[in-house]
Amino acid sequence: MKILHISTSDVGHGAGVSAVRLHDALRSIGCDSTLLVKEKLTDDSSIIAYEPPPVSWLSRKGRFLSGKADFLGNYLLPQNYGSITSRTFLRCICDLSPRIINLHAIHGHKLYFPYGLLPELSSRAKLVWTLHDMWAFTGHCTYAYECQKWKTKCNRCPDLKCFVPLILDTTTVNFSLKKKVYQDSSFTVVCPSRWLCELAKQSPLFQDKHVLYIPYGIDTDVFFPRDKILARRWLGIPEGHKVILTVAHDLLDQRKGFRYFQEGLERARRHLGDTTVLLLGRGGSAHRIARDYPVHSFGYISHSWLLAMIYSAADLLVFPTLADNLPNVVLECMACGTPVVSFDIGGLSDMIEHGKTGCLAKYRDSDDLKECIVQMLRDDTMLADASTQSVRKIEAEFAYRLQADRYLELYNSL
């Protein structure tokens with residue numbers, strides 16, 4: 001059985017990382033798996049970019065102009081419905097001749113795959129769509145927050161700037177086109193979190209689709225607890241300090257709740273002893289943290305071994321996201337024995353058991369976030385137990401092999 005995964009990028013975003021991990025997990029159990037991407041950032045030969053690099057000035061100019069046309073069209077016209085390069089994309093799939101096509105994140109402005117091709121794709125192979133956010137069943141946004149319009153029909157969007165942003169409100173057209181395309185296509189929907197699974201089942205766009213829950217998998221041969229003392233010495237963290245970590249691809253992304261991280265730390269300061277803060281991601285700077293905290297800012301890191309060392313050095317991950325599916329960073333930290341404090345939102349409760357593997361604070365409540373941080377860091381026994389339970393939960397529910405077996409069972413059933 002030849003399996004083809006499709007994603008906008010391999011490691012350019014969290015959904016791409018998740019697609020790569022599933023692809024690798026399937027290959028590890030002997031499956032014939034290939035990942036097709038628009039933007040390739042790794043040198044893995046099993047991952048291919050569907051458009052080869054341009055070799056002449058004319059082809060480079062053509063690539064630039066077609067990209068600009070698609071980019072502008074996705075702000076003003078039906079978002080991600082079509083593309084100038086659609087035929088190139090289809091020819092590439094025909095050459096690969098897959099039995100199973102597994103879509104992942106296909107939306108964006110510059111990097112995307114046109115969903116208008118779904119009817120043709122589903123006629124060529126059995127089609128599975130792994131959702132990594134809400135975009136597939138909304139008028140344009142990846143997370144709808146408090147808006148409920150996606151349950152009926154998107155119109156008069158309250159937040160056109162929300163990713164994937166629009167200039168003109170084309171949400172009604174986008175929603176209607178998705179409904180028509182999905183009705184003409186045959187595919188199975190997979191959601192990595194119970195939260196997203198329940199939302200997908202409520203969507204009028206997926207009324208005739210089979211919706212399944214299969215969580216992400218983590219390679220525990222890569223993410224496992226390192227010696228905390230050695231990790232801290234290697235990173236230059238003072239001995240005897242409690243260590244708080246926060247992580248985001250872009251720390252200044254409002255969705256990741258960095259403001260609440262700041263407020264929580266400011267309010268917790270007088271309750272904590274010597275404490276060091278670790279920042280991991282783009283946009284981090286020491287002056288944005290409450291005074292009196294020593295700060296180590298690592299920037300954006302993609303190397304798994306180094307990530308595992310930083311995770312292992314921390315006592316606690318504080319991750320006050322405002323909307324998320326099943327964040328990889330939480331799984332990675334827990335696999336490294338680092339408990340997590342977060343808001344009780346989205347798929348976080350699938351991973352964090354309150355009082356057992358971490359703490360879930362009330363949504364957008366900085367005071368409750370502070371209470372969770374203080375409670376965890378002032379109780380060494382609770383912290384040690386949560387570390388042990390975090391590792392056990394990952395091994396029991398989010399193992400690499402378990403995810404691969406579940407997907408293979410689905411593919412075989414199709």
# chains A, B, ... in the order shown; residues from 1 in each chain; ligands from 1
call {"tool": "residues_around", "arguments": {"residues": "Asp133 (chain A)", "least_positions_apart": "2", "cutoff": "9 Å", "atoms": "only C-alpha atoms", "output": "compact mmCIF listing (two decimals) with C-alpha atoms, in the first residue's frame"}}
result
# COMPACT_ATOMS: atom_id res chain seq x y z
CA ALA A 15 1.18 20.82 11.70
CA ALA A 105 -2.42 21.36 6.79
CA LEU A 131 -7.18 18.23 10.76
CA TRP A 135 -9.85 25.86 9.07
CA ALA A 136 -11.40 23.00 7.09
CA THR A 142 -7.96 28.36 12.01
CA TYR A 143 -9.50 28.98 15.45
CA CYS A 191 -8.79 14.71 14.53
CA LEU A 196 -11.44 19.09 17.65
CA ASP A 324 -4.93 25.01 20.36
CA ASN A 325 -5.56 21.51 19.10
call {"tool": "residues_around", "arguments": {"residues": "Gly30 (chain A)", "least_positions_apart": "4", "cutoff": "12 Å", "atoms": "only C-alpha atoms", "output": "compact mmCIF listing (two decimals) with C-alpha atoms, in the first residue's frame"}}
result
# COMPACT_ATOMS: atom_id res chain seq x y z
CA MET A 1 0.00 0.00 0.00
CA LYS A 2 1.53 3.29 -1.10
CA ILE A 3 0.69 6.20 1.23
CA HIS A 23 5.14 9.76 8.01
CA ASP A 24 8.27 8.61 9.92
CA ALA A 25 6.24 6.44 12.30
CA LEU A 26 4.59 4.63 9.39
CA ARG A 401 4.03 3.09 17.42
CA ALA A 404 1.23 4.40 13.39
CA ASP A 405 -0.80 1.26 14.16
CA LEU A 408 -2.50 1.70 9.41
call {"tool": "select_by_dssp", "arguments": {"residues": "region 4-117 of chain A", "states": "alpha helix (DSSP H)", "output": "MDAnalysis selection string"}}
result
chainID A and resid 14:28 57:76 86:96
call {"tool": "write_last_selection", "arguments": {"atoms": "N, CA and C atoms", "output": "short mmCIF file (atom, residue, chain, number, x, y, z; two decimals), in the first residue's frame"}}
result
data_model
loop_
_atom_site.label_atom_id
_atom_site.label_comp_id
_atom_site.auth_asym_id
_atom_site.auth_seq_id
_atom_site.Cartn_x
_atom_site.Cartn_y
_atom_site.Cartn_z
N GLY A 14 3.91 23.70 13.21
CA GLY A 14 3.60 22.54 14.05
C GLY A 14 2.86 21.44 13.32
N ALA A 15 1.92 21.83 12.45
CA ALA A 15 1.18 20.82 11.70
C ALA A 15 2.10 20.05 10.76
N GLY A 16 3.08 20.75 10.18
CA GLY A 16 4.05 20.07 9.33
C GLY A 16 4.90 19.09 10.10
N VAL A 17 5.32 19.49 11.29
CA VAL A 17 6.10 18.59 12.15
C VAL A 17 5.28 17.34 12.47
N SER A 18 4.00 17.53 12.76
CA SER A 18 3.12 16.38 13.06
C SER A 18 2.98 15.46 11.85
N ALA A 19 2.89 16.05 10.65
CA ALA A 19 2.80 15.23 9.44
C ALA A 19 4.08 14.43 9.23
N VAL A 20 5.23 15.06 9.45
CA VAL A 20 6.51 14.36 9.32
C VAL A 20 6.59 13.21 10.32
N ARG A 21 6.15 13.44 11.53
CA ARG A 21 6.23 12.40 12.56
C ARG A 21 5.36 11.20 12.23
N LEU A 22 4.15 11.46 11.70
CA LEU A 22 3.31 10.34 11.29
C LEU A 22 3.94 9.60 10.12
N HIS A 23 4.44 10.33 9.17
CA HIS A 23 5.14 9.76 8.01
C HIS A 23 6.31 8.88 8.48
N ASP A 24 7.12 9.38 9.40
CA ASP A 24 8.27 8.61 9.92
C ASP A 24 7.81 7.39 10.71
N ALA A 25 6.75 7.57 11.50
CA ALA A 25 6.24 6.44 12.30
C ALA A 25 5.76 5.31 11.41
N LEU A 26 5.07 5.65 10.33
CA LEU A 26 4.59 4.63 9.39
C LEU A 26 5.76 3.93 8.70
N ARG A 27 6.77 4.70 8.32
CA ARG A 27 7.95 4.09 7.69
C ARG A 27 8.68 3.16 8.66
N SER A 28 8.62 3.51 9.96
CA SER A 28 9.32 2.68 10.95
C SER A 28 8.68 1.31 11.12
N TRP A 57 16.08 32.08 -15.46
CA TRP A 57 15.51 33.37 -15.06
C TRP A 57 14.03 33.41 -15.37
N LEU A 58 13.63 32.89 -16.53
CA LEU A 58 12.23 32.92 -16.93
C LEU A 58 11.36 32.08 -15.99
N SER A 59 11.85 30.88 -15.62
CA SER A 59 11.07 30.04 -14.71
C SER A 59 10.99 30.65 -13.32
N ARG A 60 12.08 31.31 -12.88
CA ARG A 60 12.05 31.97 -11.57
C ARG A 60 11.04 33.12 -11.57
N LYS A 61 11.03 33.87 -12.68
CA LYS A 61 10.08 34.97 -12.80
C LYS A 61 8.65 34.45 -12.83
N GLY A 62 8.43 33.36 -13.57
CA GLY A 62 7.09 32.78 -13.62
C GLY A 62 6.64 32.28 -12.26
N ARG A 63 7.55 31.63 -11.52
CA ARG A 63 7.22 31.15 -10.17
C ARG A 63 6.87 32.32 -9.25
N PHE A 64 7.63 33.40 -9.36
CA PHE A 64 7.39 34.58 -8.53
C PHE A 64 6.02 35.18 -8.83
N LEU A 65 5.69 35.34 -10.11
CA LEU A 65 4.43 35.97 -10.48
C LEU A 65 3.23 35.09 -10.12
N SER A 66 3.34 33.79 -10.33
CA SER A 66 2.23 32.89 -9.98
C SER A 66 2.01 32.87 -8.48
N GLY A 67 3.12 32.92 -7.72
CA GLY A 67 3.01 32.96 -6.27
C GLY A 67 2.33 34.23 -5.80
N LYS A 68 2.67 35.37 -6.42
CA LYS A 68 2.05 36.64 -6.06
C LYS A 68 0.56 36.63 -6.40
N ALA A 69 0.21 36.03 -7.53
CA ALA A 69 -1.20 35.97 -7.94
C ALA A 69 -2.00 35.12 -6.95
N ASP A 70 -1.48 33.97 -6.58
CA ASP A 70 -2.16 33.12 -5.60
C ASP A 70 -2.27 33.84 -4.26
N PHE A 71 -1.19 34.49 -3.84
CA PHE A 71 -1.15 35.19 -2.55
C PHE A 71 -2.24 36.26 -2.48
N LEU A 72 -2.32 37.10 -3.52
CA LEU A 72 -3.32 38.16 -3.54
C LEU A 72 -4.73 37.58 -3.65
N GLY A 73 -4.88 36.54 -4.46
CA GLY A 73 -6.19 35.93 -4.63
C GLY A 73 -6.75 35.39 -3.34
N ASN A 74 -5.88 34.90 -2.46
CA ASN A 74 -6.35 34.32 -1.21
C ASN A 74 -6.73 35.36 -0.18
N TYR A 75 -6.42 36.63 -0.43
CA TYR A 75 -6.92 37.71 0.40
C TYR A 75 -8.27 38.22 -0.09
N LEU A 76 -8.50 38.18 -1.42
CA LEU A 76 -9.64 38.85 -2.01
C LEU A 76 -10.69 37.90 -2.59
N SER A 86 -2.30 24.26 -9.98
CA SER A 86 -3.12 23.07 -9.68
C SER A 86 -2.76 21.87 -10.57
N ARG A 87 -2.56 22.12 -11.87
CA ARG A 87 -2.29 21.01 -12.78
C ARG A 87 -0.93 20.37 -12.50
N THR A 88 0.05 21.22 -12.12
CA THR A 88 1.36 20.68 -11.75
C THR A 88 1.24 19.77 -10.54
N PHE A 89 0.45 20.20 -9.59
CA PHE A 89 0.21 19.42 -8.38
C PHE A 89 -0.42 18.06 -8.72
N LEU A 90 -1.43 18.07 -9.59
CA LEU A 90 -2.10 16.82 -9.97
C LEU A 90 -1.16 15.88 -10.73
N ARG A 91 -0.35 16.45 -11.62
CA ARG A 91 0.60 15.61 -12.36
C ARG A 91 1.58 14.92 -11.42
N CYS A 92 2.00 15.64 -10.40
CA CYS A 92 2.93 15.06 -9.43
C CYS A 92 2.28 13.89 -8.70
N ILE A 93 1.02 14.04 -8.32
CA ILE A 93 0.31 12.96 -7.63
C ILE A 93 0.12 11.76 -8.57
N CYS A 94 -0.20 12.02 -9.81
CA CYS A 94 -0.36 10.93 -10.78
C CYS A 94 0.94 10.13 -10.92
N ASP A 95 2.07 10.83 -10.92
CA ASP A 95 3.36 10.16 -11.04
C ASP A 95 3.65 9.28 -9.83
N LEU A 96 3.17 9.69 -8.65
CA LEU A 96 3.43 8.93 -7.43
C LEU A 96 2.48 7.74 -7.26
#
call {"tool": "select_by_dssp", "arguments": {"residues": "region 86-259 of chain A", "states": "strand (DSSP E)", "output": "PDB file with N, CA and C atoms, in the first residue's frame"}}
result
ATOM      1  N   ILE A 100      -3.392   5.520  -0.900  1.00  0.00           N
ATOM      2  CA  ILE A 100      -3.956   6.346   0.171  1.00  0.00           C
ATOM      3  C   ILE A 100      -3.350   7.740   0.061  1.00  0.00           C
ATOM      4  N   ILE A 101      -4.197   8.766   0.106  1.00  0.00           N
ATOM      5  CA  ILE A 101      -3.723  10.148   0.211  1.00  0.00           C
ATOM      6  C   ILE A 101      -4.181  10.691   1.551  1.00  0.00           C
ATOM      7  N   ASN A 102      -3.235  11.142   2.359  1.00  0.00           N
ATOM      8  CA  ASN A 102      -3.546  11.703   3.673  1.00  0.00           C
ATOM      9  C   ASN A 102      -3.186  13.181   3.671  1.00  0.00           C
ATOM     10  N   LEU A 103      -4.219  14.025   3.651  1.00  0.00           N
ATOM     11  CA  LEU A 103      -4.009  15.466   3.714  1.00  0.00           C
ATOM     12  C   LEU A 103      -3.713  15.889   5.151  1.00  0.00           C
ATOM     13  N   LYS A 126      -7.992   6.523  -1.999  1.00  0.00           N
ATOM     14  CA  LYS A 126      -8.740   6.693  -0.753  1.00  0.00           C
ATOM     15  C   LYS A 126      -8.165   7.899  -0.026  1.00  0.00           C
ATOM     16  N   LEU A 127      -9.049   8.793   0.394  1.00  0.00           N
ATOM     17  CA  LEU A 127      -8.624  10.087   0.924  1.00  0.00           C
ATOM     18  C   LEU A 127      -8.907  10.190   2.422  1.00  0.00           C
ATOM     19  N   VAL A 128      -7.869  10.594   3.175  1.00  0.00           N
ATOM     20  CA  VAL A 128      -7.967  10.851   4.612  1.00  0.00           C
ATOM     21  C   VAL A 128      -7.511  12.289   4.831  1.00  0.00           C
ATOM     22  N   TRP A 129      -8.211  13.027   5.690  1.00  0.00           N
ATOM     23  CA  TRP A 129      -7.825  14.406   5.997  1.00  0.00           C
ATOM     24  C   TRP A 129      -7.610  14.533   7.499  1.00  0.00           C
ATOM     25  N   THR A 130      -6.352  14.672   7.892  1.00  0.00           N
ATOM     26  CA  THR A 130      -6.023  14.905   9.299  1.00  0.00           C
ATOM     27  C   THR A 130      -6.092  16.401   9.561  1.00  0.00           C
ATOM     28  N   PHE A 187     -14.078  11.345   1.672  1.00  0.00           N
ATOM     29  CA  PHE A 187     -12.897  11.301   2.523  1.00  0.00           C
ATOM     30  C   PHE A 187     -13.282  11.061   3.975  1.00  0.00           C
ATOM     31  N   THR A 188     -12.308  10.587   4.733  1.00  0.00           N
ATOM     32  CA  THR A 188     -12.455  10.350   6.168  1.00  0.00           C
ATOM     33  C   THR A 188     -11.697  11.442   6.918  1.00  0.00           C
ATOM     34  N   VAL A 189     -12.308  11.956   7.968  1.00  0.00           N
ATOM     35  CA  VAL A 189     -11.708  13.027   8.758  1.00  0.00           C
ATOM     36  C   VAL A 189     -11.088  12.438  10.026  1.00  0.00           C
ATOM     37  N   VAL A 190      -9.834  12.811  10.305  1.00  0.00           N
ATOM     38  CA  VAL A 190      -9.152  12.389  11.532  1.00  0.00           C
ATOM     39  C   VAL A 190      -8.792  13.626  12.346  1.00  0.00           C
ATOM     40  N   CYS A 191      -9.097  13.595  13.627  1.00  0.00           N
ATOM     41  CA  CYS A 191      -8.789  14.708  14.529  1.00  0.00           C
ATOM     42  C   CYS A 191      -7.855  14.221  15.634  1.00  0.00           C
ATOM     43  N   HIS A 210     -17.155  10.456   7.920  1.00  0.00           N
ATOM     44  CA  HIS A 210     -16.773   9.690   9.108  1.00  0.00           C
ATOM     45  C   HIS A 210     -15.657  10.445   9.813  1.00  0.00           C
ATOM     46  N   VAL A 211     -15.862  10.798  11.084  1.00  0.00           N
ATOM     47  CA  VAL A 211     -14.890  11.569  11.855  1.00  0.00           C
ATOM     48  C   VAL A 211     -14.306  10.693  12.955  1.00  0.00           C
ATOM     49  N   LEU A 212     -12.983  10.560  12.962  1.00  0.00           N
ATOM     50  CA  LEU A 212     -12.282   9.702  13.925  1.00  0.00           C
ATOM     51  C   LEU A 212     -11.337  10.501  14.804  1.00  0.00           C
ATOM     52  N   TYR A 213     -11.056   9.963  15.984  1.00  0.00           N
ATOM     53  CA  TYR A 213     -10.072  10.548  16.888  1.00  0.00           C
ATOM     54  C   TYR A 213      -8.827   9.671  16.924  1.00  0.00           C
ATOM     55  N   LYS A 242      14.561  27.261  40.769  1.00  0.00           N
ATOM     56  CA  LYS A 242      13.443  26.673  40.051  1.00  0.00           C
ATOM     57  C   LYS A 242      13.487  27.224  38.622  1.00  0.00           C
ATOM     58  N   VAL A 243      13.073  26.409  37.662  1.00  0.00           N
ATOM     59  CA  VAL A 243      13.189  26.821  36.261  1.00  0.00           C
ATOM     60  C   VAL A 243      11.822  26.720  35.576  1.00  0.00           C
ATOM     61  N   ILE A 244      11.376  27.852  35.051  1.00  0.00           N
ATOM     62  CA  ILE A 244      10.105  27.943  34.324  1.00  0.00           C
ATOM     63  C   ILE A 244      10.404  28.131  32.840  1.00  0.00           C
ATOM     64  N   LEU A 245       9.729  27.363  32.009  1.00  0.00           N
ATOM     65  CA  LEU A 245       9.918  27.419  30.563  1.00  0.00           C
ATOM     66  C   LEU A 245       8.618  27.837  29.891  1.00  0.00           C
ATOM     67  N   THR A 246       8.706  28.678  28.861  1.00  0.00           N
ATOM     68  CA  THR A 246       7.559  28.889  27.975  1.00  0.00           C
ATOM     69  C   THR A 246       8.055  28.784  26.542  1.00  0.00           C
ATOM     70  N   VAL A 247       7.199  28.269  25.663  1.00  0.00           N
ATOM     71  CA  VAL A 247       7.591  27.934  24.294  1.00  0.00           C
ATOM     72  C   VAL A 247       6.490  28.347  23.321  1.00  0.00           C
ATOM     73  N   ALA A 248       6.887  28.880  22.178  1.00  0.00           N
ATOM     74  CA  ALA A 248       5.973  29.116  21.056  1.00  0.00           C
ATOM     75  C   ALA A 248       6.808  29.324  19.815  1.00  0.00           C
ATOM     76  N   HIS A 249       6.263  28.953  18.667  1.00  0.00           N
ATOM     77  CA  HIS A 249       6.962  29.223  17.405  1.00  0.00           C
ATOM     78  C   HIS A 249       7.269  30.715  17.304  1.00  0.00           C
ATOM     79  N   ASP A 250       6.284  31.531  17.688  1.00  0.00           N
ATOM     80  CA  ASP A 250       6.464  32.980  17.780  1.00  0.00           C
ATOM     81  C   ASP A 250       5.877  33.412  19.121  1.00  0.00           C
TER      82      ASP A 250
END
call {"tool": "atom_distance", "arguments": {"atom1": "CA of Gly116 (chain A)", "atom2": "CA of Val181 (chain A)"}}
result
6.4 Å
call {"tool": "closest_residue", "arguments": {"among": "A:Arg378, A:His13, A:Arg364, A:Lys180", "to": "Tyr115 (chain A)", "atoms": "only C-alpha atoms"}}
result
A:Lys180
call {"tool": "atom_distance", "arguments": {"atom1": "CA of Lys209 (chain A)", "atom2": "CA of Lys151 (chain A)"}}
result
15.5 Å
call {"tool": "residues_around", "arguments": {"residues": "His241 (chain A)", "least_positions_apart": "6", "cutoff": "9 Å", "atoms": "only C-alpha atoms", "output": "ChimeraX atom specification"}}
result
/A:273-276
call {"tool": "atom_distance", "arguments": {"atom1": "CA of Ser97 (chain A)", "atom2": "CA of Leu177 (chain A)"}}
result
27.4 Å
call {"tool": "closest_atom_pairs", "arguments": {"of": "region 275-383 of chain A", "to": "region 394-400 of chain A", "cutoff": "9 Å", "atoms": "only C-alpha atoms", "output": "tab-separated table"}}
result
residue	atom	partner	partner_atom	distance
A:Leu331	CA	A:Ile394	CA	7.1
A:Glu332	CA	A:Ile394	CA	8.9
A:Met334	CA	A:Ile394	CA	6.9
A:Ala335	CA	A:Ile394	CA	5.8
A:Met351	CA	A:Ile394	CA	8.1
call {"tool": "write_last_selection", "arguments": {"atoms": "N, CA and C atoms", "output": "mmCIF file, in the first residue's frame"}}
result
data_model
loop_
_atom_site.group_PDB
_atom_site.id
_atom_site.type_symbol
_atom_site.label_atom_id
_atom_site.label_comp_id
_atom_site.auth_asym_id
_atom_site.auth_seq_id
_atom_site.Cartn_x
_atom_site.Cartn_y
_atom_site.Cartn_z
ATOM 1 N N LEU A 331 3.316 17.729 24.420
ATOM 2 C CA LEU A 331 3.662 16.307 24.356
ATOM 3 C C LEU A 331 5.159 16.104 24.554
ATOM 4 N N GLU A 332 5.969 16.947 23.918
ATOM 5 C CA GLU A 332 7.419 16.820 24.004
ATOM 6 C C GLU A 332 7.912 17.056 25.423
ATOM 7 N N MET A 334 6.187 16.797 28.268
ATOM 8 C CA MET A 334 5.733 15.718 29.138
ATOM 9 C C MET A 334 6.574 14.458 28.931
ATOM 10 N N ALA A 335 6.936 14.174 27.678
ATOM 11 C CA ALA A 335 7.775 13.009 27.397
ATOM 12 C C ALA A 335 9.146 13.151 28.058
ATOM 13 N N MET A 351 -4.118 15.891 27.352
ATOM 14 C CA MET A 351 -2.761 15.599 27.795
ATOM 15 C C MET A 351 -2.559 15.876 29.283
#
call {"tool": "residues_around", "arguments": {"residues": "Ile237 (chain A)", "least_positions_apart": "2", "cutoff": "12 Å", "atoms": "only C-alpha atoms", "output": "list of chain:residue names"}}
result
A:Lys228, A:Ile229, A:Leu230, A:Ala231, A:Arg232, A:Arg233, A:Trp234, A:Leu235, A:Glu239, A:Gly240, A:His241, A:Lys242, A:Val243, A:Ile244, A:Asp274, A:Thr275, A:Thr276, A:Val277, A:Leu278, A:Pro294, A:Val295, A:His296, A:Ser297, A:Ile310, A:Ala313, A:Ala314
